[in-house]
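Raw start.cif, mmCIF, C-alpha atoms and all ligand atoms:
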data_entry
#
loop_
_atom_site.label_atom_id
_atom_site.label_comp_id
_atom_site.auth_asym_id
_atom_site.auth_seq_id
_atom_site.Cartn_x
_atom_site.Cartn_y
_atom_site.Cartn_z
CA MET A 1 97.38 87.07 77.35
CA PHE A 2 94.51 89.03 75.81
CA ASN A 3 90.81 89.63 76.00
CA HIS A 4 89.09 89.40 72.63
CA ALA A 5 87.55 92.92 72.57
CA THR A 6 89.79 95.70 71.25
CA ARG A 7 89.96 98.91 73.22
CA PRO A 8 91.73 102.09 72.13
CA SER A 9 95.41 102.55 72.99
CA ALA A 10 96.35 105.66 74.98
CA PRO A 11 97.63 108.53 72.81
CA LYS A 12 101.45 108.90 72.58
CA GLY A 13 103.22 112.20 73.18
CA ILE A 14 101.60 112.87 76.57
CA SER A 15 103.15 111.98 79.93
CA PHE A 16 102.79 108.51 81.48
CA PRO A 17 100.47 109.81 84.26
CA GLU A 18 98.28 111.38 81.55
CA GLN A 19 98.31 108.16 79.51
CA ARG A 20 97.41 106.23 82.68
CA ALA A 21 94.44 108.48 83.43
CA TRP A 22 93.36 108.10 79.78
CA MET A 23 93.70 104.30 79.98
CA VAL A 24 91.53 104.16 83.11
CA ARG A 25 88.82 106.25 81.46
CA HIS A 26 88.79 104.69 77.97
CA GLN A 27 89.96 101.09 78.50
CA LEU A 28 88.43 100.40 81.93
CA GLU A 29 85.51 102.67 82.92
CA ALA A 30 84.16 102.77 79.34
CA TRP A 31 84.25 98.95 79.27
CA GLY A 32 82.38 98.33 82.50
CA ILE A 33 84.99 98.32 85.27
CA ALA A 34 83.05 100.07 88.04
CA ASP A 35 84.59 99.31 91.47
CA PRO A 36 85.99 102.72 92.56
CA ARG A 37 88.74 101.08 94.63
CA VAL A 38 89.95 99.08 91.62
CA LEU A 39 89.83 102.15 89.35
CA ASP A 40 91.78 104.13 91.96
CA ALA A 41 94.42 101.38 92.28
CA MET A 42 94.81 101.24 88.47
CA ARG A 43 95.23 105.04 88.45
CA ARG A 44 97.93 104.83 91.14
CA THR A 45 99.97 101.93 89.69
CA PRO A 46 102.68 103.07 87.23
CA ARG A 47 102.66 100.29 84.60
CA GLU A 48 105.78 101.86 83.03
CA LEU A 49 107.86 100.58 85.98
CA PHE A 50 106.92 96.98 85.13
CA VAL A 51 107.30 97.18 81.32
CA PRO A 52 110.74 96.41 79.79
CA GLU A 53 112.73 99.28 78.27
CA ALA A 54 112.12 98.09 74.68
CA GLU A 55 108.32 98.15 75.17
CA GLN A 56 107.97 101.50 76.98
CA ASP A 57 106.17 103.18 74.05
CA ALA A 58 103.41 100.56 74.26
CA THR A 59 102.98 100.83 78.06
CA TYR A 60 99.35 102.03 77.91
CA ASP A 61 98.31 100.14 74.76
CA ASP A 62 95.42 97.71 75.16
CA GLY A 63 97.30 94.43 75.36
CA PRO A 64 99.83 92.23 77.08
CA LEU A 65 103.55 92.90 76.43
CA PRO A 66 106.57 90.58 76.41
CA ILE A 67 108.71 90.57 79.60
CA GLY A 68 111.24 87.90 78.52
CA ASP A 69 111.43 84.13 79.09
CA GLY A 70 108.34 83.75 76.85
CA GLN A 71 106.14 85.46 79.48
CA THR A 72 103.97 88.59 79.43
CA ILE A 73 102.81 91.49 81.57
CA SER A 74 99.01 91.30 81.62
CA GLN A 75 96.67 93.64 79.73
CA PRO A 76 95.37 96.48 81.95
CA TYR A 77 91.70 95.61 81.29
CA VAL A 78 92.23 91.97 82.28
CA VAL A 79 94.13 93.00 85.44
CA ALA A 80 91.27 95.31 86.42
CA HIS A 81 88.54 92.80 85.50
CA MET A 82 90.12 89.89 87.40
CA THR A 83 90.84 92.10 90.40
CA GLU A 84 87.26 93.40 90.46
CA THR A 85 85.83 89.85 90.63
CA LEU A 86 87.66 89.34 93.95
CA ARG A 87 85.67 92.18 95.63
CA LEU A 88 88.58 93.18 97.87
CA ARG A 89 87.76 95.59 100.70
CA GLY A 90 91.20 96.11 102.24
CA ASP A 91 91.62 93.60 105.05
CA GLU A 92 92.20 90.46 102.99
CA ARG A 93 95.08 88.04 102.65
CA VAL A 94 95.55 87.35 98.93
CA LEU A 95 97.50 84.63 97.10
CA GLU A 96 98.69 85.34 93.54
CA ILE A 97 100.04 82.58 91.28
CA GLY A 98 102.29 83.93 88.49
CA THR A 99 104.08 87.09 89.67
CA GLY A 100 105.40 87.85 86.16
CA SER A 101 106.43 91.53 86.05
CA GLY A 102 104.76 92.28 89.39
CA TYR A 103 102.19 94.68 87.85
CA GLN A 104 99.13 92.73 89.01
CA THR A 105 100.87 92.24 92.37
CA ALA A 106 101.25 96.01 92.70
CA VAL A 107 97.54 96.59 92.07
CA LEU A 108 96.64 93.93 94.66
CA SER A 109 99.04 95.46 97.21
CA LEU A 110 96.94 98.66 97.15
CA LEU A 111 93.67 96.78 97.70
CA ALA A 112 94.41 94.09 100.31
CA ALA A 113 96.23 93.78 103.64
CA GLU A 114 98.75 91.15 102.56
CA VAL A 115 99.76 89.69 99.19
CA PHE A 116 101.60 86.38 98.82
CA THR A 117 102.91 85.87 95.28
CA VAL A 118 104.48 82.78 93.70
CA GLU A 119 106.50 82.69 90.44
CA ARG A 120 108.25 79.63 88.97
CA LEU A 121 110.94 81.62 87.11
CA ALA A 122 113.58 82.99 89.50
CA ARG A 123 114.72 85.79 87.16
CA LEU A 124 111.21 87.25 86.87
CA ALA A 125 110.52 86.84 90.60
CA GLN A 126 113.73 88.69 91.48
CA LEU A 127 113.07 91.51 89.02
CA ALA A 128 109.47 91.92 90.24
CA HIS A 129 110.67 91.90 93.86
CA GLN A 130 113.18 94.68 93.13
CA THR A 131 110.63 96.78 91.22
CA LEU A 132 107.94 96.46 93.90
CA GLU A 133 110.44 97.25 96.65
CA ARG A 134 111.64 100.35 94.79
CA TRP A 135 108.01 101.42 94.27
CA GLY A 136 107.42 101.07 98.03
CA ALA A 137 105.12 98.05 98.37
CA ASP A 138 105.68 96.72 101.90
CA ASN A 139 102.90 94.13 102.19
CA VAL A 140 104.06 91.61 99.57
CA ARG A 141 105.81 88.27 100.22
CA PHE A 142 107.56 86.49 97.34
CA ARG A 143 108.24 82.85 96.65
CA VAL A 144 109.93 81.04 93.77
CA GLY A 145 108.33 77.67 93.08
CA ASP A 146 105.39 75.74 91.65
CA GLY A 147 102.34 77.88 92.38
CA SER A 148 99.96 75.10 91.32
CA LEU A 149 100.62 73.78 94.83
CA GLY A 150 99.69 77.16 96.36
CA TRP A 151 101.56 78.39 99.45
CA PRO A 152 100.04 76.26 102.22
CA GLU A 153 102.05 77.80 105.10
CA HIS A 154 100.10 81.07 104.92
CA SER A 155 96.67 79.65 104.02
CA PRO A 156 93.73 80.11 104.20
CA TYR A 157 93.45 83.00 101.72
CA ASP A 158 90.42 85.28 101.37
CA ALA A 159 91.18 85.61 97.67
CA ILE A 160 93.33 83.78 95.12
CA ILE A 161 94.22 85.03 91.64
CA VAL A 162 95.89 82.79 89.07
CA THR A 163 97.52 84.65 86.17
CA CYS A 164 98.47 81.60 84.08
CA ALA A 165 96.16 79.02 82.54
CA ALA A 166 95.41 75.58 83.99
CA PRO A 167 93.56 72.68 82.33
CA VAL A 168 91.31 72.43 85.42
CA VAL A 169 91.05 74.46 88.65
CA PRO A 170 94.06 73.29 90.74
CA GLN A 171 92.69 71.47 93.79
CA PRO A 172 95.43 72.60 96.24
CA LEU A 173 94.30 76.19 95.59
CA VAL A 174 90.66 75.34 96.33
CA GLN A 175 91.79 73.73 99.59
CA GLN A 176 93.70 76.90 100.54
CA LEU A 177 90.68 79.17 99.98
CA ALA A 178 89.07 80.51 103.19
CA ASP A 179 85.38 80.06 104.01
CA GLY A 180 83.68 82.85 102.02
CA GLY A 181 86.74 83.14 99.78
CA ARG A 182 86.86 83.86 96.03
CA MET A 183 89.34 82.67 93.41
CA ILE A 184 89.67 83.80 89.79
CA ALA A 185 91.61 81.64 87.32
CA PRO A 186 91.87 81.10 83.55
CA VAL A 187 90.83 77.48 82.92
CA GLY A 188 90.80 75.56 79.63
CA PRO A 189 92.98 74.23 76.83
CA ARG A 190 96.33 75.76 75.82
CA GLY A 191 95.72 78.89 73.72
CA TYR A 192 92.22 79.86 74.88
CA GLN A 193 90.41 79.63 78.18
CA ASP A 194 87.53 81.04 80.23
CA LEU A 195 88.01 83.00 83.41
CA VAL A 196 86.45 80.87 86.14
CA LEU A 197 85.26 82.36 89.42
CA VAL A 198 85.42 79.85 92.28
CA ARG A 199 83.51 80.58 95.49
CA ARG A 200 83.81 78.62 98.71
CA VAL A 201 81.10 78.66 101.41
CA GLY A 202 81.84 76.11 104.13
CA GLU A 203 82.58 72.88 102.32
CA GLN A 204 80.51 73.94 99.29
CA VAL A 205 82.54 75.06 96.26
CA THR A 206 80.91 76.57 93.16
CA GLN A 207 82.42 77.51 89.78
CA GLU A 208 81.10 80.16 87.39
CA ARG A 209 82.48 80.73 83.87
CA LEU A 210 83.02 84.39 83.00
CA SER A 211 84.74 85.86 79.90
CA PRO A 212 87.07 84.22 77.33
CA VAL A 213 90.82 84.92 77.67
CA ALA A 214 94.17 83.53 76.51
CA PHE A 215 96.93 83.18 79.10
CA VAL A 216 100.36 81.54 79.09
CA PRO A 217 100.26 78.07 80.70
CA LEU A 218 100.53 77.24 84.39
CA ILE A 219 103.48 74.83 84.33
CA GLY A 220 103.46 72.53 87.32
CA GLU A 221 102.14 69.51 89.17
CA HIS A 222 98.51 70.70 89.00
CA GLY A 223 98.89 72.53 85.68
CA TRP A 224 100.42 71.52 82.35
N1 LIG B 1 100.19 89.12 86.21
C1 LIG B 1 101.52 89.21 85.68
C2 LIG B 1 101.87 90.62 85.35
O1 LIG B 1 101.02 91.52 85.44
O2 LIG B 1 103.01 90.86 84.95
C3 LIG B 1 101.65 88.39 84.45
C4 LIG B 1 101.76 86.96 84.68
S1 LIG B 1 102.23 86.06 83.25
C5 LIG B 1 100.85 86.18 82.21
C6 LIG B 1 102.11 84.43 83.94
C7 LIG B 1 103.23 84.06 84.86
O3 LIG B 1 102.93 82.79 85.46
C8 LIG B 1 104.58 83.90 84.17
O4 LIG B 1 105.51 84.75 84.76
C9 LIG B 1 104.93 82.43 84.40
O5 LIG B 1 106.31 82.19 84.57
C10 LIG B 1 104.15 82.14 85.67
N2 LIG B 1 103.90 80.71 85.95
C11 LIG B 1 103.63 79.71 85.10
N3 LIG B 1 103.49 78.55 85.78
C12 LIG B 1 103.66 78.84 87.09
C13 LIG B 1 103.64 78.07 88.29
N4 LIG B 1 103.40 76.75 88.31
N5 LIG B 1 103.87 78.70 89.45
C14 LIG B 1 104.11 80.03 89.49
N6 LIG B 1 104.17 80.81 88.39
C15 LIG B 1 103.94 80.22 87.21
#
For the structure just supplied, provide its representation as structure tokens.
Amino acid sequence: MFNHATRPSAPKGISFPEQRAWMVRHQLEAWGIADPRVLDAMRRTPRELFVPEAEQDATYDDGPLPIGDGQTISQPYVVAHMTETLRLRGDERVLEIGTGSGYQTAVLSLLAAEVFTVERLARLAQLAHQTLERWGADNVRFRVGDGSLGWPEHSPYDAIIVTCAAPVVPQPLVQQLADGGRMIAPVGPRGYQDLVLVRRVGEQVTQERLSPVAFVPLIGEHGW
């Protein structure tokens, strides 16, 4: 997954906390991420814990990285941008589709009351669960399955974030969005999509197209 702009990679040869602080300043703040809670969460989330051993040197580069099974850990800027669109204030119940490495999940866990995350690949879900547990996240619930169906048992959700691309906004997710809720999802053909912000007020649902992105596909009943 990537966003088309190129931002500078953090310098090597300094510690991970220093690279992280550098990343927040030069890849996020300098590129318009302004919500102080999101910036703080990005500063507190050690991406190195979620990046495979072979990719450690590239931890604070500006891009996604492979995590095995043809999947990726998301680019820091895209994690921050998508998170910011949800306008989390701390008391929300959030649904995430596509746990992947658990990095985005970790950021959400610092910003909301409860995070429910669904991943279709058991190996990735298990690894992310272990990493988040070791890191100390205690407000995350995990599920292995088809996230295009959402997780109806815990709905409605104040916010939903989809970190894999669907041809259209999956309807089960719209149905599981609370009144006043916000959902961010990459929507479009395989290979390139737009981030779409879905807002629900009562029975009225609106969609707004934001920036271009390229995510791996959402594989499932309401995906590809
Ligand atoms: N946000 C994650 C991170 O920071 O590591 C990256 C997510 S990765 C780009 C997308 C993930 O969505 C992959 O792990 C993939 O297996 C998962 N995925 C694809 N289709 C899915 C589905 N129907 N339900 C749940 N997860 C799905």
| message | Give me the residues near A:Pro189 as JSON, numbers by chain, where near means some atom within 9 Å (using all atoms listed in the file) and where sequence neighbours in that chain fewer than 5 positions away do not count. | response | {"A": [165, 166, 167, 168]}
Output C-alpha atoms for every residue in that selection, as a compact mmCIF listing (two decimals), in the frame of the given file.
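And here's part-v2.txt as it stands now:
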# COMPACT_ATOMS: atom_id res chain seq x y z
CA ALA A 165 96.16 79.02 82.54
CA ALA A 166 95.41 75.58 83.99
CA PRO A 167 93.56 72.68 82.33
CA VAL A 168 91.31 72.43 85.42
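Taking all atoms listed in the file into account, ligand LIG 1 (chain B) has within 6 Å the residues Gln71, Thr72, Ile73, Ser74, Ile97, Gly98, Thr99, Gly100, Ser101, Gly102, Tyr103, Gln104, Val118, Glu119, Arg120, Leu121, Gly145, Asp146, Gly147, Ser148, Thr163, Cys164, Phe215, Val216, Pro217, Leu218, Ile219 and Gly220 of chain A.
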Quick one: write out the picked residues with C-alpha atoms as a short mmCIF file (atom, residue, chain, number, x, y, z; two decimals), in the frame of the given file?
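Produced file selection-v8.cif, reproduced below:
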data_model
loop_
_atom_site.label_atom_id
_atom_site.label_comp_id
_atom_site.auth_asym_id
_atom_site.auth_seq_id
_atom_site.Cartn_x
_atom_site.Cartn_y
_atom_site.Cartn_z
CA GLN A 71 106.14 85.46 79.48
CA THR A 72 103.97 88.59 79.43
CA ILE A 73 102.81 91.49 81.57
CA SER A 74 99.01 91.30 81.62
CA ILE A 97 100.04 82.58 91.28
CA GLY A 98 102.29 83.93 88.49
CA THR A 99 104.08 87.09 89.67
CA GLY A 100 105.40 87.85 86.16
CA SER A 101 106.43 91.53 86.05
CA GLY A 102 104.76 92.28 89.39
CA TYR A 103 102.19 94.68 87.85
CA GLN A 104 99.13 92.73 89.01
CA VAL A 118 104.48 82.78 93.70
CA GLU A 119 106.50 82.69 90.44
CA ARG A 120 108.25 79.63 88.97
CA LEU A 121 110.94 81.62 87.11
CA GLY A 145 108.33 77.67 93.08
CA ASP A 146 105.39 75.74 91.65
CA GLY A 147 102.34 77.88 92.38
CA SER A 148 99.96 75.10 91.32
CA THR A 163 97.52 84.65 86.17
CA CYS A 164 98.47 81.60 84.08
CA PHE A 215 96.93 83.18 79.10
CA VAL A 216 100.36 81.54 79.09
CA PRO A 217 100.26 78.07 80.70
CA LEU A 218 100.53 77.24 84.39
CA ILE A 219 103.48 74.83 84.33
CA GLY A 220 103.46 72.53 87.32
#
Residues of stretch 53-105 of chain A within 9 Å of stretch 175-184 of chain A: nearest atom pair and distance (Å, one decimal) for each, counting only C-alpha atoms, sorted by chain and number, as a tab-separated table?
residue	atom	partner	partner_atom	distance
A:Met82	CA	A:Ile184	CA	6.6
A:Thr83	CA	A:Ile184	CA	8.4
A:Thr85	CA	A:Ile184	CA	7.2
A:Leu86	CA	A:Arg182	CA	5.9
A:Arg87	CA	A:Arg182	CA	8.4
| query | What gap, in Å, lies between atom CA of A:Pro36 and atom CA of A:Glu48? | reply | 22.0 Å
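Take the candidates A:Ser211, A:Glu114, A:Pro170, A:Val205 and check each one against A:Gln193 using only C-alpha atoms; the shortest distance goes to A:Ser211.
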| query | Hey, what's within 9 Å of A:His129 if we count only C-alpha atoms and toss same-chain stuff fewer than 4 positions away? As a VMD selection string, please? | reply | chain A and resid 101 to 102 124 to 125 133 to 134 140 to 142
Wanna dump the stretch 126-163 of chain A-stretch 199-203 of chain A contacts at 12 Å for me, each residue with its shortest atom pair and the distance in Å to one decimal, counting all atoms listed in the file, ordered by chain and number, as JSON lines?
{"residue": "A:Pro156", "atom": "CA", "partner": "A:Arg200", "partner_atom": "CA", "distance": 11.4}
{"residue": "A:Tyr157", "atom": "CA", "partner": "A:Arg200", "partner_atom": "CA", "distance": 11.0}
{"residue": "A:Asp158", "atom": "CA", "partner": "A:Arg200", "partner_atom": "CA", "distance": 9.8}
{"residue": "A:Ala159", "atom": "CA", "partner": "A:Arg199", "partner_atom": "CA", "distance": 9.4}
{"residue": "A:Ile160", "atom": "CA", "partner": "A:Arg199", "partner_atom": "CA", "distance": 10.3}
Now that the selection is made, can you save its residues with C-alpha atoms as a PDB file, in the coordinates of the input?
ATOM      1  CA  PRO A 156      93.730  80.110 104.200  1.00  0.00           C
ATOM      2  CA  TYR A 157      93.450  83.000 101.720  1.00  0.00           C
ATOM      3  CA  ASP A 158      90.420  85.280 101.370  1.00  0.00           C
ATOM      4  CA  ALA A 159      91.180  85.610  97.670  1.00  0.00           C
ATOM      5  CA  ILE A 160      93.330  83.780  95.120  1.00  0.00           C
TER       6      ILE A 160
END
| All residues 12 Å or closer to A:Asp61, all atoms listed in the file, same chain fewer than 5 positions away omitted, as a PyMOL selection string | chain A and resi 2+6-12+16+19-20+22-24+26-27+47-48+51+55-56+73-77
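Atom CA of A:Trp224 sits 13.8 Å away from atom CA of A:Gln171.
With atom CA of A:Val144 on one side and atom CA of A:Asp194 on the other, the separation reads 26.2 Å.
Proximity ranking of A:Val198, A:Ala106, A:Val187, A:Val213 relative to A:Leu173 places A:Val198 first, based on all atoms listed in the file.
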Near-A:Leu210 list (9 Å; only C-alpha atoms; drop same-chain fewer than 4 positions) as a PDB file with C-alpha atoms, in the coordinates of the input:
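Output contents, as saved in selection-v8.pdb:
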ATOM      1  CA  ASP A 194      87.530  81.040  80.230  1.00  0.00           C
ATOM      2  CA  LEU A 195      88.010  83.000  83.410  1.00  0.00           C
ATOM      3  CA  VAL A 196      86.450  80.870  86.140  1.00  0.00           C
ATOM      4  CA  LEU A 197      85.260  82.360  89.420  1.00  0.00           C
TER       5      LEU A 197
END
| Long-range neighbours of A:Ala113 as a list in words, 12 Å cut-off, all atoms listed in the file, 3 positions minimum in chain | Leu88, Arg89, Gly90, Asp91, Glu92, Arg93, Val94, Leu95, Val107, Leu108, Ser109, Leu110, Phe116, Ala137, Asp138, Asn139, Val140, Arg141, Tyr157, Asp158 and Ala159 of chain A
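Candidate residues A:Arg209, A:Pro186, A:Ala80, A:Gly223 were compared for distance to A:Asp35, and the nearest is A:Ala80, using all atoms listed in the file.
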| request: Rank A:Thr117, A:Pro172, A:Tyr192, A:Glu208 by their smallest atom-to-atom distance to A:Glu221, using all atoms listed in the file, and report the top residue only. | output: A:Pro172
| said: Here is a test: counting only C-alpha atoms, which residue of A:Ile67, A:Ala214, A:Leu149, A:Val162 is nearest to A:Phe50? | reply: A:Ile67
